[in-house]
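S.K.: What follows is my_file-v1.cif, mmCIF, C-alpha atoms.
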data_entry
#
loop_
_atom_site.group_PDB
_atom_site.id
_atom_site.type_symbol
_atom_site.label_atom_id
_atom_site.label_comp_id
_atom_site.auth_asym_id
_atom_site.auth_seq_id
_atom_site.Cartn_x
_atom_site.Cartn_y
_atom_site.Cartn_z
ATOM 1 C CA MET H 1 164.810 171.352 36.694
ATOM 2 C CA ASP H 2 162.510 171.764 39.671
ATOM 3 C CA ASN H 3 162.920 168.772 42.015
ATOM 4 C CA HIS H 4 160.512 170.110 44.634
ATOM 5 C CA HIS H 5 157.385 168.010 45.030
ATOM 6 C CA PRO H 6 154.984 169.652 47.522
ATOM 7 C CA LYS H 7 152.697 166.662 47.716
ATOM 8 C CA ALA H 8 155.566 164.362 48.562
ATOM 9 C CA ASP H 9 156.927 166.773 51.200
ATOM 10 C CA ALA H 10 153.623 167.472 52.964
ATOM 11 C CA PRO H 11 152.994 165.463 56.127
ATOM 12 C CA PRO H 12 150.080 163.055 56.014
ATOM 13 C CA ARG H 13 146.813 164.652 57.079
ATOM 14 C CA ASP H 14 145.740 163.797 60.611
ATOM 15 C CA PRO H 15 142.617 161.639 60.175
ATOM 16 C CA TRP H 16 141.283 162.721 63.578
ATOM 17 C CA LEU H 17 140.876 166.293 62.357
ATOM 18 C CA ALA H 18 138.454 165.063 59.702
ATOM 19 C CA TYR H 19 136.825 162.650 62.143
ATOM 20 C CA PHE H 20 135.880 165.383 64.605
ATOM 21 C CA ALA H 21 134.879 167.799 61.824
ATOM 22 C CA ASP H 22 132.575 165.135 60.346
ATOM 23 C CA ARG H 23 130.907 164.858 63.752
ATOM 24 C CA GLY H 24 129.874 168.508 63.568
ATOM 25 C CA HIS H 25 132.651 170.191 65.529
ATOM 26 C CA THR H 26 133.915 173.507 64.184
ATOM 27 C CA GLY H 27 137.369 174.989 64.599
ATOM 28 C CA VAL H 28 138.974 171.587 65.129
ATOM 29 C CA HIS H 29 142.703 171.877 65.817
ATOM 30 C CA ARG H 30 145.427 169.855 67.435
ATOM 31 C CA ILE H 31 146.414 171.239 70.847
ATOM 32 C CA GLY H 32 149.287 168.928 71.725
ATOM 33 C CA ALA H 33 150.467 165.416 72.463
ATOM 34 C CA GLY H 34 151.691 163.711 75.608
ATOM 35 C CA SER H 35 152.484 160.268 76.912
ATOM 36 C CA GLU H 36 148.791 159.372 77.196
ATOM 37 C CA GLY H 37 147.614 160.582 73.795
ATOM 38 C CA VAL H 38 146.787 163.559 71.572
ATOM 39 C CA VAL H 39 144.455 166.417 72.535
ATOM 40 C CA TYR H 40 142.317 168.297 70.003
ATOM 41 C CA GLY H 41 140.368 171.512 70.423
ATOM 42 C CA LEU H 42 136.819 171.156 69.143
ATOM 43 C CA GLY H 43 135.546 174.695 69.582
ATOM 44 C CA GLY H 44 132.810 175.806 71.940
ATOM 45 C CA GLY H 45 134.994 175.254 74.997
ATOM 46 C CA ARG H 46 135.387 171.536 74.369
ATOM 47 C CA ALA H 47 138.339 169.288 73.639
ATOM 48 C CA ALA H 48 138.875 165.628 72.790
ATOM 49 C CA LYS H 49 141.656 163.350 73.944
ATOM 50 C CA VAL H 50 142.556 160.418 71.701
ATOM 51 C CA TRP H 51 144.248 157.908 73.950
ATOM 52 C CA SER H 52 147.352 156.182 72.632
ATOM 53 C CA GLY H 53 147.151 153.222 74.966
ATOM 54 C CA ARG H 54 144.959 151.707 77.608
ATOM 55 C CA PRO H 55 143.180 154.267 79.777
ATOM 56 C CA PRO H 56 143.875 154.339 83.499
ATOM 57 C CA ALA H 57 141.903 151.765 85.457
ATOM 58 C CA GLY H 58 140.293 154.521 87.496
ATOM 59 C CA LEU H 59 138.980 156.598 84.589
ATOM 60 C CA ASP H 60 135.361 156.301 85.751
ATOM 61 C CA LEU H 61 136.380 157.366 89.253
ATOM 62 C CA THR H 62 138.381 160.281 87.873
ATOM 63 C CA ARG H 63 135.357 161.348 85.837
ATOM 64 C CA GLN H 64 133.263 161.355 89.017
ATOM 65 C CA VAL H 65 135.856 163.454 90.891
ATOM 66 C CA TYR H 66 135.902 165.950 88.031
ATOM 67 C CA ALA H 67 132.096 166.121 88.172
ATOM 68 C CA ASP H 68 132.208 166.724 91.935
ATOM 69 C CA LEU H 69 134.545 169.662 91.371
ATOM 70 C CA ALA H 70 132.572 171.103 88.456
ATOM 71 C CA ARG H 71 129.367 170.978 90.483
ATOM 72 C CA ARG H 72 130.739 173.618 92.864
ATOM 73 C CA ARG H 73 131.042 176.262 90.116
ATOM 74 C CA LEU H 74 134.445 177.495 91.230
ATOM 75 C CA PRO H 75 135.767 180.863 89.991
ATOM 76 C CA PHE H 76 138.233 178.934 87.815
ATOM 77 C CA ALA H 77 137.727 176.013 85.465
ATOM 78 C CA THR H 78 138.670 172.442 86.335
ATOM 79 C CA PRO H 79 138.783 169.348 84.108
ATOM 80 C CA GLU H 80 135.497 167.711 83.208
ATOM 81 C CA ILE H 81 134.835 164.621 81.086
ATOM 82 C CA PHE H 82 131.536 164.945 79.217
ATOM 83 C CA ASP H 83 131.548 161.732 77.227
ATOM 84 C CA VAL H 84 133.644 158.661 76.451
ATOM 85 C CA GLU H 85 133.564 156.597 73.262
ATOM 86 C CA ASP H 86 135.383 153.674 71.741
ATOM 87 C CA HIS H 87 136.185 154.300 68.072
ATOM 88 C CA GLU H 88 137.497 151.152 66.428
ATOM 89 C CA GLY H 89 139.321 150.132 69.583
ATOM 90 C CA VAL H 90 140.676 153.618 70.346
ATOM 91 C CA LEU H 91 139.388 155.420 73.440
ATOM 92 C CA VAL H 92 138.260 159.023 72.962
ATOM 93 C CA THR H 93 137.262 161.266 75.858
ATOM 94 C CA TYR H 94 135.380 164.517 75.316
ATOM 95 C CA GLU H 95 136.394 167.078 77.889
ATOM 96 C CA ARG H 96 136.239 170.726 78.853
ATOM 97 C CA GLU H 97 138.921 172.798 77.106
ATOM 98 C CA LEU H 98 140.683 174.733 79.840
ATOM 99 C CA PRO H 99 141.400 178.429 79.224
ATOM 100 C CA GLY H 100 144.420 180.595 79.988
ATOM 101 C CA ASP H 101 148.156 180.015 79.949
ATOM 102 C CA PRO H 102 150.441 178.404 82.547
ATOM 103 C CA MET H 103 151.303 180.754 85.400
ATOM 104 C CA ARG H 104 154.949 180.113 84.545
ATOM 105 C CA VAL H 105 157.270 177.293 83.540
ATOM 106 C CA ASP H 106 158.407 174.821 86.142
ATOM 107 C CA SER H 107 161.342 175.856 88.346
ATOM 108 C CA ALA H 108 163.277 172.852 87.001
ATOM 109 C CA HIS H 109 163.503 174.689 83.672
ATOM 110 C CA ALA H 110 163.866 178.339 84.714
ATOM 111 C CA ASP H 111 165.367 180.196 87.674
ATOM 112 C CA TYR H 112 162.770 182.265 89.485
ATOM 113 C CA GLU H 113 163.682 185.780 90.584
ATOM 114 C CA ARG H 114 164.059 186.470 94.315
ATOM 115 C CA GLU H 115 161.044 188.755 94.653
ATOM 116 C CA LEU H 116 157.816 186.802 94.838
ATOM 117 C CA PRO H 117 155.415 188.289 92.251
ATOM 118 C CA ALA H 118 152.465 189.787 94.149
ATOM 119 C CA GLY H 119 150.004 188.799 91.446
ATOM 120 C CA GLN H 120 151.059 185.168 91.626
ATOM 121 C CA SER H 121 150.748 185.142 95.418
ATOM 122 C CA GLU H 122 147.184 186.414 95.074
ATOM 123 C CA ALA H 123 146.450 183.807 92.408
ATOM 124 C CA LEU H 124 147.707 181.015 94.680
ATOM 125 C CA LEU H 125 145.544 182.260 97.535
ATOM 126 C CA ALA H 126 142.506 182.369 95.226
ATOM 127 C CA VAL H 127 143.095 178.778 94.104
ATOM 128 C CA LEU H 128 143.651 177.526 97.657
ATOM 129 C CA ARG H 129 140.501 179.244 98.882
ATOM 130 C CA GLY H 130 138.523 177.875 95.964
ATOM 131 C CA LEU H 131 139.570 174.263 96.434
ATOM 132 C CA ALA H 132 139.069 174.538 100.199
ATOM 133 C CA SER H 133 135.431 175.444 99.515
ATOM 134 C CA VAL H 134 134.783 172.053 97.869
ATOM 135 C CA PRO H 135 133.760 169.379 100.388
ATOM 136 C CA GLY H 136 135.674 166.130 100.099
ATOM 137 C CA THR H 137 133.519 163.523 98.410
ATOM 138 C CA GLU H 138 133.327 159.755 98.538
ATOM 139 C CA ALA H 139 134.896 159.565 95.075
ATOM 140 C CA MET H 140 137.857 161.663 96.238
ATOM 141 C CA ARG H 141 138.342 159.355 99.214
ATOM 142 C CA ARG H 142 138.499 156.377 96.861
ATOM 143 C CA LEU H 143 141.450 157.773 94.894
ATOM 144 C CA THR H 144 144.916 156.231 95.137
ATOM 145 C CA VAL H 145 147.808 158.694 95.221
ATOM 146 C CA GLN H 146 150.748 158.054 92.909
ATOM 147 C CA GLY H 147 153.156 155.380 94.073
ATOM 148 C CA ASP H 148 150.750 153.702 96.483
ATOM 149 C CA ASP H 149 148.819 150.466 96.090
ATOM 150 C CA ARG H 150 145.466 151.287 97.691
ATOM 151 C CA PRO H 151 142.965 154.146 98.128
ATOM 152 C CA LEU H 152 144.359 156.594 100.661
ATOM 153 C CA TRP H 153 141.282 156.555 102.895
ATOM 154 C CA ARG H 154 140.741 152.781 102.901
ATOM 155 C CA ASP H 155 140.207 151.561 106.506
ATOM 156 C CA HIS H 156 140.581 155.089 107.913
ATOM 157 C CA ASP H 157 138.109 157.618 109.273
ATOM 158 C CA SER H 158 140.361 160.690 109.298
ATOM 159 C CA PHE H 159 142.857 162.288 106.941
ATOM 160 C CA ARG H 160 145.603 162.414 109.573
ATOM 161 C CA GLU H 161 145.295 158.656 110.168
ATOM 162 C CA ALA H 162 145.225 157.915 106.440
ATOM 163 C CA LEU H 163 148.299 160.074 105.813
ATOM 164 C CA ALA H 164 150.204 158.568 108.756
ATOM 165 C CA ALA H 165 149.533 155.096 107.343
ATOM 166 C CA LEU H 166 150.705 156.253 103.911
ATOM 167 C CA VAL H 167 153.938 157.554 105.453
ATOM 168 C CA ARG H 168 154.602 154.103 106.887
ATOM 169 C CA ARG H 169 153.886 152.351 103.571
ATOM 170 C CA ALA H 170 155.978 154.819 101.566
ATOM 171 C CA ALA H 171 158.930 154.506 103.954
ATOM 172 C CA ALA H 172 158.737 150.733 103.605
ATOM 173 C CA ARG H 173 158.883 150.915 99.784
ATOM 174 C CA HIS H 174 162.441 152.206 99.373
ATOM 175 C CA GLY H 175 163.287 153.729 102.731
ATOM 176 C CA GLY H 176 166.786 152.321 102.595
ATOM 177 C CA ALA H 177 167.602 154.750 99.791
ATOM 178 C CA LEU H 178 166.548 157.700 101.961
ATOM 179 C CA ALA H 179 168.213 156.297 105.058
ATOM 180 C CA ALA H 180 171.535 156.352 103.198
ATOM 181 C CA CYS H 181 171.422 160.150 103.002
ATOM 182 C CA VAL H 182 169.077 161.200 105.817
ATOM 183 C CA PRO H 183 170.337 160.630 109.385
ATOM 184 C CA ASP H 184 168.173 158.856 111.977
ATOM 185 C CA PHE H 185 165.695 157.888 109.299
ATOM 186 C CA GLU H 186 163.502 155.342 111.081
ATOM 187 C CA ALA H 187 163.116 157.520 114.158
ATOM 188 C CA GLY H 188 162.300 160.487 111.924
ATOM 189 C CA VAL H 189 159.544 158.514 110.226
ATOM 190 C CA GLU H 190 157.975 157.669 113.570
ATOM 191 C CA ARG H 191 158.275 161.263 114.788
ATOM 192 C CA THR H 192 156.478 162.416 111.640
ATOM 193 C CA ARG H 193 153.718 159.849 112.105
ATOM 194 C CA ALA H 194 153.277 160.907 115.721
ATOM 195 C CA ALA H 195 153.065 164.562 114.675
ATOM 196 C CA LEU H 196 150.416 163.713 112.076
ATOM 197 C CA LEU H 197 148.330 161.702 114.521
ATOM 198 C CA SER H 198 148.445 164.558 117.059
ATOM 199 C CA LEU H 199 146.962 167.105 114.645
ATOM 200 C CA PRO H 200 143.509 168.428 115.572
ATOM 201 C CA ASP H 201 140.376 167.677 113.598
ATOM 202 C CA ALA H 202 140.117 169.652 110.357
ATOM 203 C CA PRO H 203 137.645 170.092 107.503
ATOM 204 C CA VAL H 204 137.805 167.514 104.705
ATOM 205 C CA THR H 205 137.943 169.257 101.336
ATOM 206 C CA ALA H 206 139.172 168.646 97.791
ATOM 207 C CA ILE H 207 142.956 168.338 97.542
ATOM 208 C CA HIS H 208 144.727 168.806 94.196
ATOM 209 C CA GLY H 209 148.135 167.900 95.631
ATOM 210 C CA ASP H 210 150.377 169.269 92.858
ATOM 211 C CA LEU H 211 149.772 173.003 92.427
ATOM 212 C CA VAL H 212 153.056 173.726 90.673
ATOM 213 C CA PRO H 213 152.920 176.856 88.465
ATOM 214 C CA PRO H 214 152.302 175.019 85.144
ATOM 215 C CA ASN H 215 149.166 173.446 86.629
ATOM 216 C CA ILE H 216 147.551 176.838 87.253
ATOM 217 C CA HIS H 217 146.426 178.761 84.177
ATOM 218 C CA THR H 218 145.981 182.521 84.385
ATOM 219 C CA ASP H 219 144.526 185.186 82.108
ATOM 220 C CA ALA H 220 146.272 188.306 80.799
ATOM 221 C CA ALA H 221 145.624 190.060 84.122
ATOM 222 C CA GLY H 222 147.202 187.229 86.123
ATOM 223 C CA ARG H 223 143.927 185.908 87.532
ATOM 224 C CA PRO H 224 143.594 182.115 87.846
ATOM 225 C CA VAL H 225 141.184 180.826 85.204
ATOM 226 C CA ALA H 226 141.899 177.072 85.290
ATOM 227 C CA VAL H 227 143.489 174.390 87.447
ATOM 228 C CA LEU H 228 144.530 171.186 85.701
ATOM 229 C CA ASP H 229 146.486 167.930 86.057
ATOM 230 C CA PHE H 230 144.688 166.488 89.039
ATOM 231 C CA GLY H 231 145.798 162.988 89.997
ATOM 232 C CA PHE H 232 149.379 163.041 91.276
ATOM 233 C CA CYS H 233 148.327 163.445 94.903
ATOM 234 C CA THR H 234 144.621 164.237 94.545
ATOM 235 C CA THR H 235 142.405 163.177 97.427
ATOM 236 C CA ALA H 236 140.085 164.507 100.106
ATOM 237 C CA GLY H 237 141.762 165.975 103.154
ATOM 238 C CA ASP H 238 142.801 168.889 105.323
ATOM 239 C CA PRO H 239 143.117 172.045 103.175
ATOM 240 C CA ALA H 240 146.188 172.943 105.246
ATOM 241 C CA PHE H 241 147.930 170.012 103.506
ATOM 242 C CA GLU H 242 147.276 171.669 100.135
ATOM 243 C CA ALA H 243 148.672 174.963 101.404
ATOM 244 C CA ALA H 244 151.782 173.329 102.875
ATOM 245 C CA VAL H 245 152.567 171.431 99.686
ATOM 246 C CA THR H 246 151.866 174.428 97.452
ATOM 247 C CA ALA H 247 154.252 176.619 99.444
ATOM 248 C CA ALA H 248 156.911 173.948 99.147
ATOM 249 C CA VAL H 249 156.591 173.094 95.455
ATOM 250 C CA TRP H 250 155.940 176.519 93.891
ATOM 251 C CA ASP H 251 159.729 176.800 93.488
ATOM 252 C CA MET H 252 161.519 173.527 94.173
ATOM 253 C CA TYR H 253 164.781 173.941 92.308
ATOM 254 C CA GLY H 254 165.552 177.637 91.875
ATOM 255 C CA PRO H 255 168.348 179.550 93.639
ATOM 256 C CA HIS H 256 165.807 181.149 96.020
ATOM 257 C CA ALA H 257 163.674 178.056 96.614
ATOM 258 C CA GLU H 258 164.033 177.983 100.408
ATOM 259 C CA GLU H 259 163.235 181.672 100.730
ATOM 260 C CA HIS H 260 160.180 181.339 98.512
ATOM 261 C CA ALA H 261 158.898 178.349 100.478
ATOM 262 C CA ALA H 262 159.336 180.206 103.771
ATOM 263 C CA GLU H 263 157.623 183.322 102.422
ATOM 264 C CA LEU H 264 154.655 181.443 101.001
ATOM 265 C CA THR H 265 154.319 179.367 104.157
ATOM 266 C CA GLY H 266 154.140 182.560 106.190
ATOM 267 C CA LEU H 267 151.646 184.094 103.778
ATOM 268 C CA PHE H 268 149.341 181.069 103.858
ATOM 269 C CA ALA H 269 149.576 180.827 107.635
ATOM 270 C CA GLU H 270 148.582 184.473 107.997
ATOM 271 C CA GLU H 271 145.944 184.722 105.266
ATOM 272 C CA LEU H 272 144.349 181.286 105.622
ATOM 273 C CA GLY H 273 144.794 180.730 109.352
ATOM 274 C CA TYR H 274 146.783 177.492 109.213
ATOM 275 C CA PRO H 275 149.200 176.907 112.127
ATOM 276 C CA ARG H 276 152.835 176.892 111.042
ATOM 277 C CA ALA H 277 153.465 173.666 112.955
ATOM 278 C CA THR H 278 150.688 171.972 110.976
ATOM 279 C CA LEU H 279 152.148 173.214 107.692
ATOM 280 C CA ALA H 280 155.597 171.932 108.696
ATOM 281 C CA THR H 281 154.156 168.523 109.557
ATOM 282 C CA TYR H 282 152.371 168.196 106.231
ATOM 283 C CA ARG H 283 155.406 169.371 104.290
ATOM 284 C CA THR H 284 157.477 166.653 105.963
ATOM 285 C CA ALA H 285 154.820 164.031 105.225
ATOM 286 C CA TYR H 286 154.784 165.077 101.552
ATOM 287 C CA ALA H 287 158.554 164.519 101.303
ATOM 288 C CA LEU H 288 158.239 161.096 102.914
ATOM 289 C CA THR H 289 155.417 159.965 100.615
ATOM 290 C CA THR H 290 156.717 161.165 97.228
ATOM 291 C CA TYR H 291 160.520 160.765 97.487
ATOM 292 C CA ASP H 292 160.743 157.636 95.315
ATOM 293 C CA LEU H 293 158.325 158.465 92.507
ATOM 294 C CA PHE H 294 160.977 159.437 89.934
ATOM 295 C CA GLY H 295 164.326 158.117 91.162
ATOM 296 C CA LEU H 296 166.080 156.493 94.106
ATOM 297 C CA ASP H 297 169.211 158.564 94.610
ATOM 298 C CA GLU H 298 170.282 162.192 94.728
ATOM 299 C CA GLY H 299 170.900 162.191 91.003
ATOM 300 C CA ASP H 300 167.140 162.640 90.709
ATOM 301 C CA GLY H 301 165.992 166.176 91.473
ATOM 302 C CA HIS H 302 162.804 165.236 93.307
ATOM 303 C CA PHE H 303 164.532 162.622 95.484
ATOM 304 C CA ARG H 304 167.260 165.142 96.302
ATOM 305 C CA TRP H 305 164.663 167.778 97.187
ATOM 306 C CA CYS H 306 162.793 165.379 99.494
ATOM 307 C CA ALA H 307 165.986 164.326 101.265
ATOM 308 C CA GLN H 308 166.887 167.969 101.819
ATOM 309 C CA GLN H 309 163.426 168.680 103.240
ATOM 310 C CA LEU H 310 163.830 165.868 105.758
ATOM 311 C CA ARG H 311 167.334 166.872 106.800
ATOM 312 C CA HIS H 312 166.028 170.361 107.641
ATOM 313 C CA SER H 313 162.599 169.442 109.004
ATOM 314 C CA PRO H 314 162.115 170.197 112.718
ATOM 315 C CA VAL H 315 159.304 167.628 112.700
ATOM 316 C CA PHE H 316 161.460 164.844 111.269
ATOM 317 C CA ARG H 317 164.489 165.720 113.397
ATOM 318 C CA GLY H 318 162.519 166.112 116.604
ATOM 319 C CA THR H 319 163.724 169.644 117.261
ATOM 320 C CA ARG H 320 161.642 172.700 118.149
ATOM 321 C CA SER H 321 158.446 172.910 116.072
ATOM 322 C CA ALA H 322 158.263 175.472 113.270
#
Show me the file's structure as structure tokens.
M.R.:
Amino acid sequence: MDNHHPKADAPPRDPWLAYFADRGHTGVHRIGAGSEGVVYGLGGGRAAKVWSGRPPAGLDLTRQVYADLARRRLPFATPEIFDVEDHEGVLVTYERELPGDPMRVDSAHADYERELPAGQSEALLAVLRGLASVPGTEAMRRLTVQGDDRPLWRDHDSFREALAALVRRAAARHGGALAACVPDFEAGVERTRAALLSLPDAPVTAIHGDLVPPNIHTDAAGRPVAVLDFGFCTTAGDPAFEAAVTAAVWDMYGPHAEEHAAELTGLFAEELGYPRATLATYRTAYALTTYDLFGLDEGDGHFRWCAQQLRHSPVFRGTRSA
């Protein structure tokens, strides 16, 4: 006797596939699901995101930032929200479908080899140059970076002043946790703020703030074709900040992380003309402003990484500048 019942075993059909097909989209397929919702490819370079909960309060602002980026016609794609609708109480955003594949998996999930791939170095430089060509806009200045409670630029006229104020606020959030494992913490915070405030004037451009390898998509030849996941530390600011953070986070957890960070820092300093001391200052500020976003002790990888950055930072320790 055959006990197999195909109809009983088949998963229920996703009603959103039919919904988008009925609206005239061809080639509808499910791309993937995350904490915010489910993403569907619609064909023609477009995608739809069906939100599972309430959208972020700043969705309209995010849409404006995306539009500011898209207006520059960069050599790689960036997110863009074309339309927003409410379907029976469920939010749906229609967006650009981003091409390519992640440059590589995050260093938390795979050990990177010692030799820095030349193609990836060139891709990083291309992305940094591209973003640095986008003037910082009013919408970018109104963004709030993760973990903070106000727009970064509020009440400030320069990026260095805004970042120095953020360092103070971030240290006040859970600084005691860092102070337990980073010597001379309060003095180090003030040394970092002083270093930030002493930086010279710089252009104000678009800052992604989290250019880890999975957030850069490349084509089969290794060229960058898309940059995604803006929002973690997205703002308007000195493009040297983007370079400093990118050099630091490309490989955060691998066995050769320090060597990779030093090599990329040197490469960006040489190719993009950013002073090493400026890069060191921004790298220290990044550690002080993101240390508590995922955990509050060295059992958390990001907290541990930030504490290590501060213990070795010449800016934080007040030793000879890098």
S.K.: What's around His29 (chain H) at 7 Å? Count all atoms listed in the file, leave out sequence neighbours fewer than 5 positions away in its own chain, and write the answer as a short mmCIF file (atom, residue, chain, number, x, y, z; two decimals) with C-alpha atoms, keeping the file's coordinate frame.
M.R.:
data_model
loop_
_atom_site.label_atom_id
_atom_site.label_comp_id
_atom_site.auth_asym_id
_atom_site.auth_seq_id
_atom_site.Cartn_x
_atom_site.Cartn_y
_atom_site.Cartn_z
CA LEU H 17 140.88 166.29 62.36
CA TYR H 40 142.32 168.30 70.00
CA GLY H 41 140.37 171.51 70.42
CA LEU H 42 136.82 171.16 69.14
#
S.K.: Skip Leu59 (chain H) itself and residues of its chain fewer than 6 positions away, then list as a PDB file with C-alpha atoms, in the coordinates of the input all residues within 12 Å of it, counting all atoms listed in the file.
M.R.:
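The result, written out as result27.pdb:
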ATOM      1  CA  TRP H  51     144.248 157.908  73.950  1.00  0.00           C
ATOM      2  CA  VAL H  65     135.856 163.454  90.891  1.00  0.00           C
ATOM      3  CA  TYR H  66     135.902 165.950  88.031  1.00  0.00           C
ATOM      4  CA  GLU H  80     135.497 167.711  83.208  1.00  0.00           C
ATOM      5  CA  ILE H  81     134.835 164.621  81.086  1.00  0.00           C
ATOM      6  CA  ASP H  83     131.548 161.732  77.227  1.00  0.00           C
ATOM      7  CA  VAL H  84     133.644 158.661  76.451  1.00  0.00           C
ATOM      8  CA  LEU H  91     139.388 155.420  73.440  1.00  0.00           C
ATOM      9  CA  VAL H  92     138.260 159.023  72.962  1.00  0.00           C
ATOM     10  CA  THR H  93     137.262 161.266  75.858  1.00  0.00           C
ATOM     11  CA  ALA H 139     134.896 159.565  95.075  1.00  0.00           C
ATOM     12  CA  LEU H 143     141.450 157.773  94.894  1.00  0.00           C
ATOM     13  CA  GLY H 231     145.798 162.988  89.997  1.00  0.00           C
TER      14      GLY H 231
END
S.K.: Excluding Ile207 (chain H) and its own-chain neighbours fewer than 5 positions away, which residues fall within 10 Å of it when counting all atoms listed in the file? Please give them as a count of residues only.
M.R.: 20
S.K.: Using the chain letters and numbers from the file, give me the residues hit by the PyMOL selection byres ((chain H and resi 44) around 9), as number ranges by chain.
M.R.: H: 25-27, 41-43, 45-47, 97
S.K.: Interatomic distance between CA of Ala172 (chain H) and CA of Leu296 (chain H)?
M.R.: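 These two atoms are separated by 13.3 Å.
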S.K.: Enumerate, as a PyMOL selection string, the residues matched when the PyMOL selection byres ((chain H and resi 180-184) around 12) is run on the file above.
M.R.: chain H and resi 174-179+185-191+287-288+291+296-298+303-313+316-318
S.K.: When you draw a straight line from CA of Leu116 (chain H) to CA of Tyr282 (chain H), how long is it in Å?
M.R.: 22.5 Å
